[in-house]
$ cat run.pdb   # PDB, C-alpha atoms
MODEL        1
ATOM      1  CA  MET J 305      72.068 136.929 -47.540
ATOM      2  CA  PRO J 306      71.493 133.520 -49.207
ATOM      3  CA  ARG J 307      67.929 132.372 -49.457
ATOM      4  CA  ARG J 308      67.083 129.475 -47.161
ATOM      5  CA  LYS J 309      66.233 126.244 -48.954
ATOM      6  CA  SER J 310      62.636 125.094 -48.588
ATOM      7  CA  VAL J 311      62.467 121.545 -47.301
ATOM      8  CA  THR J 312      59.893 119.172 -45.851
ATOM      9  CA  HIS J 313      60.767 116.356 -43.468
ATOM     10  CA  PHE J 314      59.287 112.891 -43.171
ATOM     11  CA  VAL J 315      60.214 109.815 -41.181
ATOM     12  CA  ALA J 316      60.202 106.347 -42.718
ATOM     13  CA  VAL J 317      59.077 103.867 -40.041
ATOM     14  CA  ASN J 318      60.896 100.576 -40.422
ATOM     15  CA  ASP J 319      58.289  98.019 -39.277
ATOM     16  CA  LEU J 320      54.610  98.896 -38.794
ATOM     17  CA  GLU J 321      53.872  95.500 -37.247
ATOM     18  CA  LYS J 322      56.238  96.061 -34.334
ATOM     19  CA  LEU J 323      55.177  97.734 -31.126
ATOM     20  CA  PRO J 324      55.727 101.506 -31.381
ATOM     21  CA  GLU J 325      58.478 101.501 -28.757
ATOM     22  CA  GLU J 326      60.394  98.911 -30.820
ATOM     23  CA  GLN J 327      60.167 100.810 -34.096
ATOM     24  CA  GLU J 328      62.905 102.858 -35.709
ATOM     25  CA  GLY J 329      62.554 105.787 -38.058
ATOM     26  CA  LEU J 330      64.723 107.154 -40.846
ATOM     27  CA  LEU J 331      64.618 110.936 -41.228
ATOM     28  CA  ILE J 332      64.055 112.025 -44.826
ATOM     29  CA  GLU J 333      64.553 115.549 -46.152
ATOM     30  CA  VAL J 334      62.519 116.424 -49.247
ATOM     31  CA  PRO J 335      63.828 119.555 -51.032
ATOM     32  CA  HIS J 336      60.387 120.961 -51.701
ATOM     33  CA  LYS J 337      58.043 123.244 -49.835
ATOM     34  CA  GLY J 338      54.359 122.482 -49.327
ATOM     35  CA  GLY J 339      54.540 120.430 -46.152
ATOM     36  CA  ASP J 340      52.544 117.231 -45.866
ATOM     37  CA  ASN J 341      51.036 116.591 -49.289
ATOM     38  CA  PRO J 342      50.842 113.549 -51.618
ATOM     39  CA  SER J 343      53.599 114.851 -53.897
ATOM     40  CA  ASN J 344      56.102 115.318 -51.077
ATOM     41  CA  ARG J 345      55.175 111.964 -49.557
ATOM     42  CA  GLU J 346      55.835 110.281 -52.894
ATOM     43  CA  LYS J 347      59.204 112.039 -53.177
ATOM     44  CA  ALA J 348      60.110 110.950 -49.636
ATOM     45  CA  LEU J 349      59.258 107.347 -50.515
ATOM     46  CA  GLU J 350      61.373 107.570 -53.685
ATOM     47  CA  ILE J 351      64.339 108.883 -51.690
ATOM     48  CA  VAL J 352      64.172 106.024 -49.181
ATOM     49  CA  LEU J 353      63.714 103.408 -51.914
ATOM     50  CA  THR J 354      66.747 104.765 -53.755
ATOM     51  CA  MET J 355      68.850 104.720 -50.575
ATOM     52  CA  TRP J 356      67.682 101.178 -49.883
ATOM     53  CA  GLU J 357      68.418  99.927 -53.403
ATOM     54  CA  GLN J 358      71.854 101.557 -53.439
ATOM     55  CA  GLY J 359      72.825  99.987 -50.127
ATOM     56  CA  GLU J 360      73.022 103.278 -48.237
ATOM     57  CA  ILE J 361      70.879 101.886 -45.434
ATOM     58  CA  ASP J 362      70.674  98.480 -43.772
ATOM     59  CA  PRO J 363      68.994  96.053 -46.217
ATOM     60  CA  ASP J 364      67.104  94.519 -43.288
ATOM     61  CA  LEU J 365      65.784  97.840 -41.963
ATOM     62  CA  PHE J 366      62.390  97.346 -43.645
ATOM     63  CA  PRO J 367      61.649  93.617 -43.153
ATOM     64  CA  ASN J 368      58.097  93.835 -44.530
ATOM     65  CA  GLY J 369      58.888  96.065 -47.465
ATOM     66  CA  LEU J 370      58.500  99.800 -47.900
ATOM     67  CA  THR J 371      55.335 101.587 -49.044
ATOM     68  CA  SER J 372      53.710 104.988 -48.570
ATOM     69  CA  GLU J 373      52.173 103.667 -45.331
ATOM     70  CA  ASN J 374      55.661 103.723 -43.787
ATOM     71  CA  ILE J 375      56.033 107.465 -44.445
ATOM     72  CA  PHE J 376      55.002 109.937 -41.727
ATOM     73  CA  PHE J 377      55.220 113.730 -41.746
ATOM     74  CA  VAL J 378      57.510 115.518 -39.269
ATOM     75  CA  PRO J 379      56.272 119.042 -38.395
ATOM     76  CA  PRO J 380      58.832 121.800 -39.115
ATOM     77  CA  ASP J 381      58.762 122.983 -35.495
ATOM     78  CA  SER J 382      59.772 119.559 -34.163
ATOM     79  CA  PRO J 383      62.754 119.956 -31.790
ATOM     80  CA  ARG J 384      64.100 116.648 -33.073
ATOM     81  CA  LEU J 385      65.007 118.261 -36.390
ATOM     82  CA  GLU J 386      67.544 120.507 -34.674
ATOM     83  CA  LYS J 387      69.256 117.602 -32.916
ATOM     84  CA  LEU J 388      69.501 115.013 -35.664
ATOM     85  CA  ASP J 389      72.120 114.574 -38.306
ATOM     86  CA  ARG J 390      70.557 114.266 -41.776
ATOM     87  CA  THR J 391      72.753 111.320 -42.788
ATOM     88  CA  GLY J 392      70.407 108.517 -41.839
ATOM     89  CA  GLU J 393      70.448 108.562 -38.081
ATOM     90  CA  SER J 394      67.534 106.810 -36.423
ATOM     91  CA  LEU J 395      64.701 109.089 -35.345
ATOM     92  CA  PRO J 396      62.660 108.265 -32.232
ATOM     93  CA  ILE J 397      59.002 108.000 -33.197
ATOM     94  CA  PRO J 398      57.002 110.895 -31.639
ATOM     95  CA  PRO J 399      54.183 109.767 -29.289
ATOM     96  CA  ILE J 400      51.429 111.165 -31.521
ATOM     97  CA  VAL J 401      52.860 109.279 -34.519
ATOM     98  CA  LYS J 402      52.890 106.095 -32.428
ATOM     99  CA  GLY J 403      49.267 106.827 -31.585
ATOM    100  CA  ALA J 404      48.403 107.255 -35.251
ATOM    101  CA  GLN J 405      50.045 103.934 -36.081
ATOM    102  CA  GLU J 406      48.100 102.212 -33.321
ATOM    103  CA  ILE J 407      44.800 103.645 -34.582
ATOM    104  CA  VAL J 408      45.539 102.523 -38.140
ATOM    105  CA  HIS J 409      46.478  99.000 -37.033
ATOM    106  CA  LEU J 410      43.506  98.671 -34.656
ATOM    107  CA  THR J 411      41.183  99.836 -37.430
ATOM    108  CA  LYS J 412      42.636  97.211 -39.755
ATOM    109  CA  LEU J 413      42.132  94.503 -37.130
ATOM    110  CA  GLN J 414      38.590  95.703 -36.397
ATOM    111  CA  LEU J 415      37.682  95.483 -40.083
ATOM    112  CA  GLU J 416      39.090  91.961 -40.255
ATOM    113  CA  VAL J 417      37.093  90.902 -37.191
ATOM    114  CA  GLN J 418      33.856  92.300 -38.610
ATOM    115  CA  GLU J 419      34.401  90.757 -42.043
ATOM    116  CA  VAL J 420      35.131  87.295 -40.633
ATOM    117  CA  ALA J 421      32.254  87.606 -38.144
ATOM    118  CA  GLU J 422      29.875  88.305 -41.033
ATOM    119  CA  VAL J 423      31.054  85.142 -42.768
ATOM    120  CA  ALA J 424      30.647  83.212 -39.503
ATOM    121  CA  ALA J 425      27.127  84.537 -38.793
ATOM    122  CA  PRO J 426      25.339  81.549 -40.445
ATOM    123  CA  TYR J 427      27.289  79.257 -38.107
ATOM    124  CA  VAL J 428      25.736  80.710 -34.946
ATOM    125  CA  PRO J 429      22.929  78.079 -34.635
ATOM    126  CA  VAL J 430      25.505  75.296 -34.972
ATOM    127  CA  ILE J 431      27.808  76.861 -32.382
ATOM    128  CA  GLU J 432      24.937  77.482 -29.954
ATOM    129  CA  ALA J 433      23.703  73.912 -30.303
ATOM    130  CA  VAL J 434      27.195  72.520 -29.730
ATOM    131  CA  LEU J 435      27.824  74.737 -26.706
ATOM    132  CA  SER J 436      24.456  74.076 -25.070
ATOM    133  CA  GLY J 437      24.428  70.329 -25.714
ATOM    134  CA  ASN J 438      20.624  70.414 -25.385
ATOM    135  CA  ARG J 439      19.797  69.134 -28.851
ATOM    136  CA  PRO J 440      21.379  67.317 -31.777
ATOM    137  CA  LEU J 441      22.314  69.145 -34.957
ATOM    138  CA  ASN J 442      19.679  69.004 -37.668
ATOM    139  CA  ASN J 443      20.522  67.949 -41.218
ATOM    140  CA  SER J 444      21.341  71.444 -42.519
ATOM    141  CA  GLU J 445      23.490  72.195 -39.470
ATOM    142  CA  ARG J 446      25.367  68.930 -39.926
ATOM    143  CA  GLU J 447      26.137  69.887 -43.512
ATOM    144  CA  ILE J 448      27.456  73.252 -42.328
ATOM    145  CA  ALA J 449      29.614  71.624 -39.651
ATOM    146  CA  ARG J 450      31.121  69.182 -42.181
ATOM    147  CA  ASP J 451      32.090  71.975 -44.554
ATOM    148  CA  LYS J 452      35.870  72.649 -44.437
ATOM    149  CA  LYS J 453      35.125  76.362 -44.532
ATOM    150  CA  TYR J 454      33.374  76.121 -41.152
ATOM    151  CA  ALA J 455      36.521  75.136 -39.252
ATOM    152  CA  LYS J 456      38.702  77.620 -41.129
ATOM    153  CA  VAL J 457      36.382  80.570 -40.496
ATOM    154  CA  ILE J 458      35.877  79.789 -36.800
ATOM    155  CA  THR J 459      39.627  79.345 -36.292
ATOM    156  CA  LYS J 460      40.444  82.551 -38.162
ATOM    157  CA  LEU J 461      37.889  84.509 -36.140
ATOM    158  CA  GLY J 462      39.409  83.268 -32.892
ATOM    159  CA  GLU J 463      42.928  84.165 -34.038
ATOM    160  CA  ILE J 464      41.968  87.680 -35.111
ATOM    161  CA  VAL J 465      40.048  88.390 -31.902
ATOM    162  CA  ALA J 466      43.099  87.211 -29.941
ATOM    163  CA  SER J 467      45.319  89.491 -32.047
ATOM    164  CA  VAL J 468      43.094  92.475 -31.277
ATOM    165  CA  SER J 469      43.183  91.687 -27.570
ATOM    166  CA  ASP J 470      46.966  91.272 -27.514
ATOM    167  CA  TYR J 471      47.555  94.438 -29.519
ATOM    168  CA  ARG J 472      45.259  96.507 -27.290
ATOM    169  CA  GLU J 473      47.092  95.284 -24.190
ATOM    170  CA  ASN J 474      50.407  96.442 -25.652
ATOM    171  CA  CYS J 475      49.215  99.803 -26.986
ATOM    172  CA  THR J 476      50.959 102.856 -25.555
ATOM    173  CA  GLY J 477      47.747 104.833 -25.080
ATOM    174  CA  ASN J 478      49.094 107.550 -27.364
ATOM    175  CA  ALA J 479      46.188 107.035 -29.748
ATOM    176  CA  ARG J 480      44.228 109.423 -27.523
ATOM    177  CA  LEU J 481      46.583 112.168 -28.682
ATOM    178  CA  ILE J 482      44.993 111.940 -32.124
ATOM    179  CA  LEU J 483      41.526 112.490 -30.655
ATOM    180  CA  ASN J 484      42.885 115.414 -28.649
ATOM    181  CA  ALA J 485      44.418 116.914 -31.781
ATOM    182  CA  ILE J 486      41.158 116.558 -33.720
ATOM    183  CA  ALA J 487      39.153 118.061 -30.860
ATOM    184  CA  TRP J 488      41.593 120.951 -30.531
ATOM    185  CA  GLN J 489      41.542 121.720 -34.248
ATOM    186  CA  SER J 490      37.744 121.516 -34.306
ATOM    187  CA  GLN J 491      37.511 123.895 -31.357
ATOM    188  CA  GLN J 492      39.879 126.315 -33.077
ATOM    189  CA  GLY J 493      37.547 126.332 -36.064
ATOM    190  CA  VAL J 494      34.513 126.972 -33.856
ATOM    191  CA  ASP J 495      36.284 129.790 -32.030
ATOM    192  CA  SER J 496      37.385 131.481 -35.242
ATOM    193  CA  ASN J 497      33.903 131.235 -36.745
ATOM    194  CA  SER J 498      32.261 132.596 -33.599
ATOM    195  CA  ASP J 499      34.437 135.707 -33.422
ATOM    196  CA  THR J 500      32.191 138.720 -34.007
ATOM    197  CA  PRO J 501      33.721 142.202 -34.456
ATOM    198  CA  THR J 502      32.841 144.619 -31.670
ATOM    199  CA  GLY J 503      29.895 146.842 -32.507
ATOM    200  CA  VAL J 504      28.540 144.633 -35.283
ATOM    201  CA  VAL J 505      24.911 143.597 -34.859
ATOM    202  CA  ASP J 506      23.475 140.622 -36.705
ATOM    203  CA  GLU J 507      20.399 141.459 -38.812
ATOM    204  CA  SER J 508      18.379 138.803 -36.983
ATOM    205  CA  ASP J 509      18.950 140.729 -33.741
ATOM    206  CA  SER J 510      17.585 144.026 -35.059
ATOM    207  CA  VAL J 511      14.298 145.376 -33.717
ATOM    208  CA  ILE J 512      11.673 146.494 -36.244
TER     209      ILE J 512
ENDMDL
END

$ encode --input "run.pdb" --output "structure tokens"
Amino acid sequence: MPRRKSVTHFVAVNDLEKLPEEQEGLLIEVPHKGGDNPSNREKALEIVLTMWEQGEIDPDLFPNGLTSENIFFVPPDSPRLEKLDRTGESLPIPPIVKGAQEIVHLTKLQLEVQEVAEVAAPYVPVIEAVLSGNRPLNNSEREIARDKKYAKVITKLGEIVASVSDYRENCTGNARLILNAIAWQSQQGVDSNSDTPTGVVDESDSVI
């Protein structure tokens, strides 16, 4: 009986900036065992890049380019693997993968908000004075307000906060699946560590 070839599957997501329900995925078969590891991910990326360069897939499929961030692991027990043709058919993005993408993008936006907010922190007295209208700006505050950087930073902060709000409103809610997966795996570890063979008594429980 011929030996079954060891393969690992990944999906290349076409556009990480789109909403998850609007994304498409390209199923990639890597002829190596080992599952989800850096080497297999790199091979998957190489396969997609080669297909892209050779015109085997739509040149506009990856509008923002293709990097390792577009590559996601597909578990071997996924029922989708049995239904899909391995010739480049689009693969629906699993809910938990959509959730992972949302977490990654929200984290990126959160970092941007915090970084810009830190830059804007010295502007707080100016903003408070302008909003309250109770006092004029002092000389140092006037210098800050005249600086071109002031307007750029405030505008950028507003735009990023709006982006976070819009993205959160359009999230699928599947990000919670990642927390559930982490909690489940953690509980499995606790359960396995707490298993004590019947009849075994810990030394700390012995009576002298």

$ residues_near_point --input "run.pdb" --point "(53.6, 114.3, -42.4)" --cutoff "10 Å" --atoms "only C-alpha atoms" --output "list in words"
Thr312, His313, Phe314, Val315, Gly339, Asp340, Asn341, Pro342, Asn344, Arg345, Ile375, Phe376, Phe377, Val378, Pro379, Pro380 and Val401 of chain J

$ resolve_selection --input "run.pdb" --expression "the PyMOL selection byres ((chain J and resi 404) around 12)" --output "ChimeraX atom specification"
/J:320,324,373-377,397-403,405-411,475-486

$ atom_distance --input "run.pdb" --atom1 "atom CA of Leu330 of chain J" --atom2 "atom CA of Leu370 of chain J"
11.9 Å

$ atom_distance --input "run.pdb" --atom1 "atom CA of Val465 of chain J" --atom2 "atom CA of Leu413 of chain J"
8.3 Å

$ atom_distance --input "run.pdb" --atom1 "atom CA of Ser372 of chain J" --atom2 "atom CA of Asp319 of chain J"
12.5 Å

$ resolve_selection --input "run.pdb" --expression "the PyMOL selection byres ((chain J and resi 416) around 12)" --output "NGL selection string"
:J and (409-415 or 417-423 or 457 or 460-465 or 467-468)

$ axis_aligned_box --input "run.pdb" --around "segment 405-412 of chain J" --padding-each-side "6 Å" --output "JSON"
{"center_x": 45.6, "center_y": 100.6, "center_z": -36.5, "size_x": 20.9, "size_y": 18.7, "size_z": 18.4}

$ residues_around --input "run.pdb" --residues "segment 350-358 of chain J" --least-positions-apart "4" --cutoff "9 Å" --atoms "all atoms listed in the file" --output "MDAnalysis selection string"
chainID J and resid 316 330 332:334 345:346 362:363 365 370

$ closest_residue --input "run.pdb" --among "J:Pro367, J:Asn438, J:Arg450, J:Thr459" --to "Ala424 of chain J" --atoms "only C-alpha atoms"
J:Thr459

$ decode --input "run.pdb" --residues "segment 460-479 of chain J" --atoms "N, CA and C atoms" --output "PDB file, in the first residue's frame"
ATOM      1  N   LYS J 460      -4.536  63.525  13.192  1.00  0.00           N
ATOM      2  CA  LYS J 460      -4.226  62.098  13.077  1.00  0.00           C
ATOM      3  C   LYS J 460      -4.860  61.303  14.208  1.00  0.00           C
ATOM      4  N   LEU J 461      -4.823  61.859  15.421  1.00  0.00           N
ATOM      5  CA  LEU J 461      -5.423  61.174  16.565  1.00  0.00           C
ATOM      6  C   LEU J 461      -6.922  60.988  16.344  1.00  0.00           C
ATOM      7  N   GLY J 462      -7.579  62.034  15.870  1.00  0.00           N
ATOM      8  CA  GLY J 462      -9.015  61.935  15.606  1.00  0.00           C
ATOM      9  C   GLY J 462      -9.333  60.891  14.551  1.00  0.00           C
ATOM     10  N   GLU J 463      -8.514  60.835  13.499  1.00  0.00           N
ATOM     11  CA  GLU J 463      -8.743  59.875  12.415  1.00  0.00           C
ATOM     12  C   GLU J 463      -8.551  58.439  12.890  1.00  0.00           C
ATOM     13  N   ILE J 464      -7.523  58.214  13.702  1.00  0.00           N
ATOM     14  CA  ILE J 464      -7.263  56.853  14.177  1.00  0.00           C
ATOM     15  C   ILE J 464      -8.348  56.395  15.136  1.00  0.00           C
ATOM     16  N   VAL J 465      -8.761  57.285  16.043  1.00  0.00           N
ATOM     17  CA  VAL J 465      -9.838  56.929  16.979  1.00  0.00           C
ATOM     18  C   VAL J 465     -11.111  56.592  16.208  1.00  0.00           C
ATOM     19  N   ALA J 466     -11.391  57.358  15.152  1.00  0.00           N
ATOM     20  CA  ALA J 466     -12.568  57.077  14.321  1.00  0.00           C
ATOM     21  C   ALA J 466     -12.429  55.731  13.623  1.00  0.00           C
ATOM     22  N   SER J 467     -11.204  55.407  13.180  1.00  0.00           N
ATOM     23  CA  SER J 467     -10.961  54.120  12.522  1.00  0.00           C
ATOM     24  C   SER J 467     -11.207  52.963  13.477  1.00  0.00           C
ATOM     25  N   VAL J 468     -10.756  53.126  14.722  1.00  0.00           N
ATOM     26  CA  VAL J 468     -10.974  52.081  15.730  1.00  0.00           C
ATOM     27  C   VAL J 468     -12.462  51.880  15.961  1.00  0.00           C
ATOM     28  N   SER J 469     -13.184  52.985  16.090  1.00  0.00           N
ATOM     29  CA  SER J 469     -14.622  52.908  16.338  1.00  0.00           C
ATOM     30  C   SER J 469     -15.352  52.225  15.187  1.00  0.00           C
ATOM     31  N   ASP J 470     -15.010  52.623  13.958  1.00  0.00           N
ATOM     32  CA  ASP J 470     -15.653  52.032  12.781  1.00  0.00           C
ATOM     33  C   ASP J 470     -15.341  50.547  12.672  1.00  0.00           C
ATOM     34  N   TYR J 471     -14.078  50.198  12.911  1.00  0.00           N
ATOM     35  CA  TYR J 471     -13.682  48.792  12.781  1.00  0.00           C
ATOM     36  C   TYR J 471     -14.380  47.932  13.832  1.00  0.00           C
ATOM     37  N   ARG J 472     -14.466  48.437  15.063  1.00  0.00           N
ATOM     38  CA  ARG J 472     -15.138  47.682  16.124  1.00  0.00           C
ATOM     39  C   ARG J 472     -16.609  47.439  15.779  1.00  0.00           C
ATOM     40  N   GLU J 473     -17.248  48.450  15.202  1.00  0.00           N
ATOM     41  CA  GLU J 473     -18.665  48.316  14.850  1.00  0.00           C
ATOM     42  C   GLU J 473     -18.888  47.243  13.791  1.00  0.00           C
ATOM     43  N   ASN J 474     -17.879  47.025  12.943  1.00  0.00           N
ATOM     44  CA  ASN J 474     -18.021  46.069  11.849  1.00  0.00           C
ATOM     45  C   ASN J 474     -17.381  44.718  12.137  1.00  0.00           C
ATOM     46  N   CYS J 475     -16.836  44.553  13.341  1.00  0.00           N
ATOM     47  CA  CYS J 475     -16.238  43.262  13.703  1.00  0.00           C
ATOM     48  C   CYS J 475     -17.317  42.186  13.796  1.00  0.00           C
ATOM     49  N   THR J 476     -16.931  40.961  13.486  1.00  0.00           N
ATOM     50  CA  THR J 476     -17.884  39.848  13.500  1.00  0.00           C
ATOM     51  C   THR J 476     -18.163  39.327  14.899  1.00  0.00           C
ATOM     52  N   GLY J 477     -17.275  39.635  15.852  1.00  0.00           N
ATOM     53  CA  GLY J 477     -17.420  39.077  17.194  1.00  0.00           C
ATOM     54  C   GLY J 477     -16.696  37.754  17.345  1.00  0.00           C
ATOM     55  N   ASN J 478     -16.092  37.282  16.243  1.00  0.00           N
ATOM     56  CA  ASN J 478     -15.396  35.996  16.287  1.00  0.00           C
ATOM     57  C   ASN J 478     -14.073  36.055  17.039  1.00  0.00           C
ATOM     58  N   ALA J 479     -13.636  37.262  17.381  1.00  0.00           N
ATOM     59  CA  ALA J 479     -12.391  37.381  18.143  1.00  0.00           C
ATOM     60  C   ALA J 479     -12.489  36.660  19.479  1.00  0.00           C
TER      61      ALA J 479
END
